[in-house]
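Source file: target_31.pdb; contents: PDB, C-alpha atoms, pLDDT in the B column.
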ATOM      1  CA  MET A  11      18.359 -12.245  -5.018  1.00 60.00           C
ATOM      2  CA  ALA A  12      18.477  -9.211  -2.724  1.00 88.00           C
ATOM      3  CA  SER A  13      15.266  -8.731  -0.789  1.00 95.00           C
ATOM      4  CA  GLU A  14      14.179  -5.322   0.399  1.00 97.00           C
ATOM      5  CA  VAL A  15      11.138  -4.159   2.353  1.00 98.00           C
ATOM      6  CA  ALA A  16       8.786  -1.263   1.564  1.00 98.00           C
ATOM      7  CA  THR A  17       5.990  -0.055   3.827  1.00 98.00           C
ATOM      8  CA  LEU A  18       3.172   1.902   2.186  1.00 98.00           C
ATOM      9  CA  ALA A  19      -0.255   3.184   3.168  1.00 97.00           C
ATOM     10  CA  GLY A  20      -2.728   3.996   0.423  1.00 95.00           C
ATOM     11  CA  GLY A  21      -6.205   3.360   1.781  1.00 91.00           C
ATOM     12  CA  CYS A  22      -7.684  -0.033   2.503  1.00 87.00           C
ATOM     13  CA  PHE A  23      -4.838  -2.512   2.930  1.00 88.00           C
ATOM     14  CA  TRP A  24      -6.734  -5.174   0.991  1.00 84.00           C
ATOM     15  CA  CYS A  25      -6.992  -2.876  -2.014  1.00 83.00           C
ATOM     16  CA  THR A  26      -3.268  -2.084  -2.064  1.00 89.00           C
ATOM     17  CA  GLU A  27      -2.340  -5.679  -1.193  1.00 89.00           C
ATOM     18  CA  ALA A  28      -4.196  -6.948  -4.269  1.00 86.00           C
ATOM     19  CA  VAL A  29      -2.214  -4.655  -6.554  1.00 90.00           C
ATOM     20  CA  PHE A  30       1.225  -5.571  -5.246  1.00 94.00           C
ATOM     21  CA  ASN A  31       0.524  -9.304  -5.107  1.00 91.00           C
ATOM     22  CA  ASP A  32       0.367  -9.098  -8.913  1.00 91.00           C
ATOM     23  CA  VAL A  33       3.696  -7.287  -9.421  1.00 95.00           C
ATOM     24  CA  ILE A  34       6.744  -9.180 -10.685  1.00 95.00           C
ATOM     25  CA  GLY A  35       9.506  -9.101  -8.095  1.00 96.00           C
ATOM     26  CA  VAL A  36       7.141  -8.932  -5.135  1.00 96.00           C
ATOM     27  CA  GLU A  37       7.795 -11.885  -2.864  1.00 96.00           C
ATOM     28  CA  LYS A  38       5.324 -11.203  -0.063  1.00 95.00           C
ATOM     29  CA  VAL A  39       2.682  -8.638   0.909  1.00 94.00           C
ATOM     30  CA  GLU A  40       1.461  -8.373   4.476  1.00 93.00           C
ATOM     31  CA  SER A  41      -1.393  -6.189   5.727  1.00 92.00           C
ATOM     32  CA  GLY A  42      -0.986  -4.319   8.983  1.00 95.00           C
ATOM     33  CA  TYR A  43      -0.940  -1.080  10.917  1.00 96.00           C
ATOM     34  CA  ILE A  44       1.772   1.565  11.305  1.00 97.00           C
ATOM     35  CA  GLY A  45       2.271   5.125  12.429  1.00 94.00           C
ATOM     36  CA  GLY A  46       0.144   5.156  15.561  1.00 94.00           C
ATOM     37  CA  THR A  47       0.418   5.190  19.318  1.00 92.00           C
ATOM     38  CA  ALA A  48      -1.195   1.951  20.526  1.00 92.00           C
ATOM     39  CA  ASP A  49       0.721  -1.293  20.915  1.00 94.00           C
ATOM     40  CA  HIS A  50      -0.812  -4.287  19.121  1.00 93.00           C
ATOM     41  CA  PRO A  51      -3.823  -2.356  17.729  1.00 94.00           C
ATOM     42  CA  THR A  52      -6.832  -4.237  16.450  1.00 92.00           C
ATOM     43  CA  TYR A  53      -8.682  -3.581  13.220  1.00 91.00           C
ATOM     44  CA  LYS A  54     -11.579  -2.158  15.239  1.00 91.00           C
ATOM     45  CA  GLN A  55      -9.280   0.228  17.109  1.00 94.00           C
ATOM     46  CA  VAL A  56      -7.566   1.416  13.928  1.00 94.00           C
ATOM     47  CA  CYS A  57     -10.908   1.896  12.151  1.00 91.00           C
ATOM     48  CA  SER A  58     -12.053   4.163  14.996  1.00 92.00           C
ATOM     49  CA  GLY A  59      -9.386   6.645  13.870  1.00 91.00           C
ATOM     50  CA  ASP A  60      -8.255   7.147  17.467  1.00 92.00           C
ATOM     51  CA  THR A  61      -4.914   5.309  17.407  1.00 95.00           C
ATOM     52  CA  GLY A  62      -3.167   7.317  14.681  1.00 95.00           C
ATOM     53  CA  HIS A  63      -2.318   4.173  12.734  1.00 96.00           C
ATOM     54  CA  ALA A  64      -2.667   3.807   8.992  1.00 96.00           C
ATOM     55  CA  GLU A  65      -3.843   0.648   7.296  1.00 95.00           C
ATOM     56  CA  ALA A  66      -0.694  -0.284   5.412  1.00 96.00           C
ATOM     57  CA  ILE A  67       1.098  -3.015   3.559  1.00 96.00           C
ATOM     58  CA  ARG A  68       4.610  -4.288   4.061  1.00 97.00           C
ATOM     59  CA  ILE A  69       6.051  -5.509   0.780  1.00 98.00           C
ATOM     60  CA  THR A  70       9.068  -7.788   0.548  1.00 98.00           C
ATOM     61  CA  PHE A  71      10.500  -7.546  -2.950  1.00 98.00           C
ATOM     62  CA  ASP A  72      13.518  -8.609  -4.974  1.00 97.00           C
ATOM     63  CA  ASN A  73      15.259  -5.369  -5.868  1.00 95.00           C
ATOM     64  CA  ALA A  74      17.043  -7.119  -8.740  1.00 96.00           C
ATOM     65  CA  GLN A  75      13.632  -7.513 -10.419  1.00 96.00           C
ATOM     66  CA  LEU A  76      11.824  -4.430  -9.098  1.00 97.00           C
ATOM     67  CA  SER A  77      13.440  -1.223  -7.926  1.00 97.00           C
ATOM     68  CA  TYR A  78      12.074   0.711  -4.988  1.00 98.00           C
ATOM     69  CA  GLY A  79      11.492   3.689  -7.305  1.00 97.00           C
ATOM     70  CA  ASP A  80       9.444   1.567  -9.715  1.00 96.00           C
ATOM     71  CA  LEU A  81       7.487   0.130  -6.795  1.00 97.00           C
ATOM     72  CA  LEU A  82       6.655   3.692  -5.673  1.00 98.00           C
ATOM     73  CA  ASP A  83       5.603   4.673  -9.204  1.00 97.00           C
ATOM     74  CA  ILE A  84       3.155   1.741  -9.183  1.00 95.00           C
ATOM     75  CA  PHE A  85       1.926   2.856  -5.745  1.00 96.00           C
ATOM     76  CA  PHE A  86       1.206   6.385  -6.990  1.00 97.00           C
ATOM     77  CA  ALA A  87      -0.471   5.145 -10.161  1.00 94.00           C
ATOM     78  CA  THR A  88      -2.837   2.720  -8.418  1.00 93.00           C
ATOM     79  CA  HIS A  89      -4.291   4.886  -5.633  1.00 93.00           C
ATOM     80  CA  ASP A  90      -5.284   8.551  -5.418  1.00 94.00           C
ATOM     81  CA  PRO A  91      -2.429  10.372  -3.669  1.00 97.00           C
ATOM     82  CA  THR A  92      -4.310  13.675  -3.917  1.00 97.00           C
ATOM     83  CA  GLN A  93      -7.001  12.736  -1.378  1.00 95.00           C
ATOM     84  CA  LEU A  94      -6.190  13.788   2.173  1.00 96.00           C
ATOM     85  CA  ASN A  95      -7.031  11.126   4.749  1.00 96.00           C
ATOM     86  CA  ARG A  96      -9.222   9.129   2.424  1.00 93.00           C
ATOM     87  CA  GLN A  97      -9.408   6.815  -0.546  1.00 90.00           C
ATOM     88  CA  GLY A  98     -12.818   6.932  -2.169  1.00 86.00           C
ATOM     89  CA  ASN A  99     -15.430   5.973   0.421  1.00 85.00           C
ATOM     90  CA  ASP A 100     -12.789   5.117   3.051  1.00 89.00           C
ATOM     91  CA  VAL A 101     -12.442   8.254   5.165  1.00 94.00           C
ATOM     92  CA  GLY A 102     -10.157   8.918   8.135  1.00 95.00           C
ATOM     93  CA  THR A 103      -6.475   9.251   8.964  1.00 96.00           C
ATOM     94  CA  GLN A 104      -6.189   5.452   8.920  1.00 96.00           C
ATOM     95  CA  TYR A 105      -6.681   5.655   5.124  1.00 95.00           C
ATOM     96  CA  ARG A 106      -4.012   8.305   4.505  1.00 97.00           C
ATOM     97  CA  SER A 107      -1.464   8.074   1.725  1.00 98.00           C
ATOM     98  CA  ALA A 108       1.939   7.631   3.330  1.00 98.00           C
ATOM     99  CA  ILE A 109       5.366   6.138   2.771  1.00 98.00           C
ATOM    100  CA  PHE A 110       7.393   4.748   5.689  1.00 98.00           C
ATOM    101  CA  PRO A 111      11.009   4.526   4.468  1.00 98.00           C
ATOM    102  CA  GLN A 112      13.287   1.883   5.969  1.00 97.00           C
ATOM    103  CA  ASN A 113      16.419   4.010   5.524  1.00 97.00           C
ATOM    104  CA  GLU A 114      17.790   7.288   4.121  1.00 98.00           C
ATOM    105  CA  GLU A 115      18.037   5.937   0.575  1.00 98.00           C
ATOM    106  CA  GLN A 116      14.370   4.934   0.566  1.00 98.00           C
ATOM    107  CA  GLU A 117      13.480   8.359   1.932  1.00 98.00           C
ATOM    108  CA  ARG A 118      15.432  10.040  -0.884  1.00 98.00           C
ATOM    109  CA  GLN A 119      13.692   7.871  -3.468  1.00 98.00           C
ATOM    110  CA  ALA A 120      10.300   8.546  -1.842  1.00 98.00           C
ATOM    111  CA  ARG A 121      10.857  12.303  -2.219  1.00 98.00           C
ATOM    112  CA  GLU A 122      11.794  11.788  -5.874  1.00 98.00           C
ATOM    113  CA  ALA A 123       8.688   9.645  -6.470  1.00 98.00           C
ATOM    114  CA  ILE A 124       6.458  12.286  -4.880  1.00 98.00           C
ATOM    115  CA  ALA A 125       8.041  14.900  -7.155  1.00 98.00           C
ATOM    116  CA  ARG A 126       7.355  12.704 -10.221  1.00 97.00           C
ATOM    117  CA  ALA A 127       3.760  12.154  -9.106  1.00 97.00           C
ATOM    118  CA  ASN A 128       3.321  15.878  -8.486  1.00 97.00           C
ATOM    119  CA  GLU A 129       4.432  16.580 -12.063  1.00 97.00           C
ATOM    120  CA  ASP A 130       1.680  14.287 -13.331  1.00 94.00           C
ATOM    121  CA  LEU A 131      -0.943  15.498 -10.847  1.00 95.00           C
ATOM    122  CA  GLY A 132      -0.431  19.253 -10.902  1.00 96.00           C
ATOM    123  CA  GLY A 133       1.299  19.472  -7.535  1.00 97.00           C
ATOM    124  CA  ARG A 134      -1.697  18.065  -5.632  1.00 97.00           C
ATOM    125  CA  VAL A 135      -0.036  15.036  -3.997  1.00 98.00           C
ATOM    126  CA  VAL A 136      -0.690  14.886  -0.234  1.00 98.00           C
ATOM    127  CA  THR A 137       1.265  11.681   0.413  1.00 98.00           C
ATOM    128  CA  THR A 138       3.404  12.017   3.509  1.00 98.00           C
ATOM    129  CA  ILE A 139       6.769  10.531   4.318  1.00 98.00           C
ATOM    130  CA  GLU A 140       6.593   9.335   7.904  1.00 97.00           C
ATOM    131  CA  PRO A 141       9.232   7.818  10.171  1.00 95.00           C
ATOM    132  CA  MET A 142       9.411   4.052  10.322  1.00 91.00           C
ATOM    133  CA  ARG A 143       7.679   2.940  13.501  1.00 87.00           C
ATOM    134  CA  ASP A 144       6.503  -0.281  14.995  1.00 92.00           C
ATOM    135  CA  TRP A 145       4.737  -2.482  12.461  1.00 93.00           C
ATOM    136  CA  TRP A 146       1.761  -4.439  13.726  1.00 93.00           C
ATOM    137  CA  PRO A 147       0.524  -7.236  11.472  1.00 90.00           C
ATOM    138  CA  ALA A 148      -3.216  -7.246  10.950  1.00 88.00           C
ATOM    139  CA  GLU A 149      -5.180 -10.088  12.450  1.00 81.00           C
ATOM    140  CA  SER A 150      -4.786 -13.381  10.596  1.00 69.00           C
ATOM    141  CA  TYR A 151      -8.238 -13.141   9.030  1.00 62.00           C
ATOM    142  CA  HIS A 152      -7.116  -9.926   7.280  1.00 60.00           C
ATOM    143  CA  GLN A 153      -4.073 -11.497   5.615  1.00 60.00           C
ATOM    144  CA  ASP A 154      -4.196 -12.650   1.979  1.00 55.00           C
ATOM    145  CA  TYR A 155      -7.732 -11.360   1.643  1.00 52.00           C
ATOM    146  CA  TRP A 156      -7.766 -10.908  -2.111  1.00 51.00           C
ATOM    147  CA  SER A 157      -6.034 -14.197  -2.798  1.00 50.00           C
ATOM    148  CA  GLY A 158      -9.106 -16.046  -1.557  1.00 49.00           C
ATOM    149  CA  GLU A 159      -8.336 -16.765   2.098  1.00 46.00           C
ATOM    150  CA  GLY A 160     -11.077 -14.468   3.352  1.00 45.00           C
ATOM    151  CA  GLN A 161     -14.679 -13.907   2.390  1.00 51.00           C
ATOM    152  CA  ARG A 162     -14.717 -11.116  -0.181  1.00 60.00           C
ATOM    153  CA  ASN A 163     -16.980  -8.187   0.519  1.00 66.00           C
ATOM    154  CA  PRO A 164     -18.823  -6.061  -2.055  1.00 69.00           C
ATOM    155  CA  TYR A 165     -16.699  -2.982  -1.356  1.00 68.00           C
ATOM    156  CA  CYS A 166     -13.473  -4.778  -2.231  1.00 71.00           C
ATOM    157  CA  MET A 167     -15.110  -6.386  -5.249  1.00 72.00           C
ATOM    158  CA  ALA A 168     -15.942  -2.873  -6.499  1.00 74.00           C
ATOM    159  CA  VAL A 169     -12.619  -1.173  -5.663  1.00 77.00           C
ATOM    160  CA  ILE A 170      -9.934  -3.766  -6.401  1.00 77.00           C
ATOM    161  CA  PRO A 171     -10.690  -4.699 -10.055  1.00 75.00           C
ATOM    162  CA  PRO A 172     -10.273  -1.113 -11.364  1.00 77.00           C
ATOM    163  CA  LYS A 173      -6.949  -0.863  -9.529  1.00 80.00           C
ATOM    164  CA  LEU A 174      -5.786  -4.116 -11.103  1.00 79.00           C
ATOM    165  CA  GLN A 175      -6.942  -2.942 -14.533  1.00 81.00           C
ATOM    166  CA  LYS A 176      -4.924   0.252 -14.120  1.00 81.00           C
ATOM    167  CA  LEU A 177      -1.883  -1.761 -13.018  1.00 78.00           C
ATOM    168  CA  ARG A 178      -2.162  -4.147 -15.957  1.00 81.00           C
ATOM    169  CA  LYS A 179      -2.703  -1.335 -18.465  1.00 84.00           C
ATOM    170  CA  SER A 180      -0.001   1.029 -17.217  1.00 81.00           C
ATOM    171  CA  PHE A 181       2.602  -1.539 -16.128  1.00 80.00           C
ATOM    172  CA  GLN A 182       2.103  -4.449 -18.537  1.00 81.00           C
ATOM    173  CA  ASN A 183       5.737  -5.543 -18.262  1.00 83.00           C
ATOM    174  CA  ARG A 184       5.523  -5.616 -14.447  1.00 84.00           C
ATOM    175  CA  VAL A 185       2.529  -7.903 -13.826  1.00 85.00           C
ATOM    176  CA  LYS A 186       2.496 -11.582 -12.966  1.00 84.00           C
ATOM    177  CA  CYS A 187      -0.968 -12.174 -14.395  1.00 76.00           C
ATOM    178  CA  ALA A 188      -2.138 -10.312 -17.467  1.00 61.00           C
ATOM    179  CA  GLY A 189      -5.424 -12.212 -17.603  1.00 58.00           C
ATOM    180  CA  ALA A 190      -8.941 -11.374 -16.578  1.00 51.00           C
ATOM    181  CA  ILE A 191      -9.670  -9.856 -13.191  1.00 52.00           C
ATOM    182  CA  ALA A 192     -11.837 -11.970 -10.913  1.00 49.00           C
TER     183      ALA A 192
END
With the file now loaded, output its structure as structure tokens.
Amino acid sequence: MASEVATLAGGCFWCTEAVFNDVIGVEKVESGYIGGTADHPTYKQVCSGDTGHAEAIRITFDNAQLSYGDLLDIFFATHDPTQLNRQGNDVGTQYRSAIFPQNEEQERQAREAIARANEDLGGRVVTTIEPMRDWWPAESYHQDYWSGEGQRNPYCMAVIPPKLQKLRKSFQNRVKCAGAIA
């Protein structure tokens, strides 16, 4: 097994975390903040939009089971990469669509994935490729939200199930759980 790390921002970290926790080859998903100026930002600071951070997920995956390119294709298919600084009702730079490559090869593959997504979406993708910066894990009460550790809120209950349905429909051979969505 050869583990690799991907860092992606695609709106609310709970919503993207839920998707990737259900993908075969994903070993761990951690919610956090990246791309900003403050050290050790808090959720409240990031939500203010003043720190420059994005809510993001850091995915550890087995690249023998899931390639980085396939992971990016899932990312583009399960969020709206055509919305600038927002995902649905989440508005602000902290909800931007961004990829933070770990190395030159990931950056090359990110550019290729954006090109593929642009073909499907009429050239409207606004996802950025940003330099890898300090990663700040979200507070412990934000980790493993969808898996039941936290108290689920109505927003997540409305947003996450359609994302999981899209994942399970479009990537049937890539999901851990093909059953009903809670």
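Reported to one decimal place, the separation of atom CA of A:Ala28 from atom CA of A:Ser58 is 23.6 Å.
Among the candidate residues A:Cys187, A:Val36, A:Ala148, A:Ala48, the one lying nearest to A:Asp80 is A:Val36, with distances computed using only C-alpha atoms.
Excluding A:Asn183 and any residue on its chain fewer than 2 positions from it, the residues at most 12 Å away by all atoms listed in the file are Asp32, Val33, Ile34, Gly35, Gln75, Leu76, Asp80, Ile84, Leu177, Arg178, Lys179, Ser180, Phe181, Val185, Lys186, Cys187 and Ala188 of chain A.
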Would you mind telling me which residue in A:Val101, A:Cys166, A:Leu174, A:Ala120 lies nearest to A:Thr137 when using only C-alpha atoms?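 Closest candidate: A:Ala120.
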Need to verify the contact set: A:Ala19, 6 Å, all atoms listed in the file, exclusion of same-chain residues closer than 6 positions in sequence. Can you return it as a list in words? Ala66, Ser107 and Ala108 of chain A
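The space separating atom CA of A:Gly133 from atom CA of A:Arg184 comes to 26.4 Å.
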Pick from A:Thr138, A:Thr61, A:Gln175, A:Ser13: nearest to A:Ala74, with all atoms listed in the file counted?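 Of the candidates, the smallest distance to A:Ala74 is held by A:Ser13.
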Just give me the gap between atom CA of A:Glu114 and atom CA of A:Arg143 in Å, one decimal is fine.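 Here the two named atoms are 14.5 Å from each other.
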Tell me which of A:Ile67, A:Leu81, A:Ile170, A:Leu94 sits closest to A:Pro147, counting all atoms listed in the file.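 Answer, going by the shortest atom-to-atom distance: A:Ile67.
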